[in-house]
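Right, one structure below, let's go through it.
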Amino acid sequence: MKVEFSAKTDTGKVRKTNEDSFCILQHANTAYICDGMGGHVAGALASRLGIETIEQLLPAFQPKKSENQLVKDLFIQIHQSYPPQLPAEAIRLVKATQLANLRIYNTTIERPGLQGMGTTGIGISFFNNLFSVVHVGDSRAYRIRNNKITQLTSDHSWLNELIQAGRIKPENTKTFSHKNIITRALGVGLTIPVDLKIEPIHENDIFLLSSDGLHDLVNSETILDIYRKAGSLDDWTTQLVSAANSSGGKDNITVVGAHVTELDDIKNTLSFQGTIPTEEAEIISLEAELLEMLFKNEAPISKKTNSL
């Protein structure tokens, strides 16, 4: 498989700092966005911790290649507790997300002044003619196929819960005063359930990850219209950021576009949609040990807010 990526991040017109972070791991056909919360210092730190953990762990999570017995033990435990049909690539993305949660949470325990910080997490991987999306919070994933756009994730937010319960109509959301309250985030608890979606990829599928700084101001049909008129993937992501800023730029804006340019010569029909539940104590103990091993000698956390 071959996947082309393009990413843009911008502080927007209102915020003084950018609390979003992202990474593109081209070797793993993977992209990830974190949108921090908890104040500009804590929010930026939470999102950086999330992304740096993803960057470190995905390459390490190769049990067949790893000489690390702890990694092998962890994956034995995981495979015993996860649905048996899940591919290893999807499990790695879920597990990296849960470990990012644990690392951020442990940081708030070690540094009480940071309690309350957290971050959304939205990641996508492409493998074996499948895509896998993991999701915590109100950052989103979209797919464009056959000139139609589909939102692949459902926001973990108070607003969306009210909509799903029929207590507020979608057309009335513009006047809702608590759009920023999310009901699930990385770092606010010892363990976190993670939504997972897996589906086959079609030729020329286009995907988008976005923080809410984009989709709060630019609706899905406008996202599609900008794509139709864009000259390239890079042009599309640039124009999406510009559209959000033109609509007020009230929050940080981060987008990652992905174009599957070449499929493998195989047929894969696997589909899965569900929530991977919180981990058992035995797995959390192994995770904590793995985090200690990987990050005990790390340098101070970098000041970068994104990475390619």
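Letters A, B, ... go to the chains of the structure tokens in the order shown; residues in each chain start at 1; ligands are counted from 1 in the same order.
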
Residues of stretch 189-276 of chain A within 7 Å of stretch 98-104 of chain A: nearest atom pair and distance (Å, one decimal) for each, counting only C-alpha atoms, sorted by chain and number, as a Markdown table?
```
| residue | atom | partner | partner_atom | distance |
| --- | --- | --- | --- | --- |
| A:Leu190 | CA | A:Leu102 | CA | 5.9 |
| A:Thr191 | CA | A:Leu102 | CA | 6.5 |
| A:Ile192 | CA | A:Gln98 | CA | 6.5 |
```

Please produce an output containing C-alpha atoms for each residue in the selection, written as a PDB file, in the first residue's frame.
```
ATOM      1  CA  LEU A 190      -6.078   5.639  34.961  1.00  0.00           C
ATOM      2  CA  THR A 191      -7.587   3.844  31.967  1.00  0.00           C
ATOM      3  CA  ILE A 192      -9.813   4.807  29.046  1.00  0.00           C
TER       4      ILE A 192
END
```

Please identify all polymer residues within 9 Å of A:Ile33, counting only C-alpha atoms, omitting same-chain residues fewer than 4 positions from it, and present them as a VMD selection string. chain A and resid 20 to 23 47 50 to 51 120 to 123 139 209 to 211 254 to 256 306

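Distance check against A:Lys267 using only C-alpha atoms: of A:Tyr227, A:Phe207, A:Trp236, A:Phe127, the minimum falls on A:Phe127.
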
The residue from A:Gly38, A:Gly274, A:Gly189, A:Gly12 with the smallest atom-to-atom distance to A:Tyr105, counting only C-alpha atoms, is A:Gly189

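Minimum atom-to-atom distances from A:Gly213, A:Gln26, A:Asn128, A:Arg228 to A:Ser246 were compared using only C-alpha atoms, and the lowest value belongs to A:Gly213.
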
May I ask which of the residues A:Val241, A:Leu114, A:Ile266, A:Leu286 is the closest one to A:Ile76, counting only C-alpha atoms? A:Leu286

For A:Phe75, work out the shell of residues within 10 Å, counting only C-alpha atoms and skipping chain neighbours fewer than 5 positions away, then give it as a ChimeraX atom specification. /A:61-63,69-70,80-81,88,91-92,95,283,286

Could you check the closest approach to A:Pro59 for each of A:His215, A:Lys2, A:His27, A:Lys229 and tell me which residue wins, using only C-alpha atoms?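 Looking at the shortest contact to A:Pro59, the residue is A:His27.
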
Quick one: DSSP alpha helix (DSSP H) residues in stretch 57-232 of chain A, as a PyMOL selection string? chain A and resi 57-60+69-81+88-110+158-164+212-215+220-229

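For the choices A:Leu57, A:Ala7, A:Ala28, A:Val94, the atom-to-atom distance to A:Ile198 is smallest for A:Val94 when using only C-alpha atoms.
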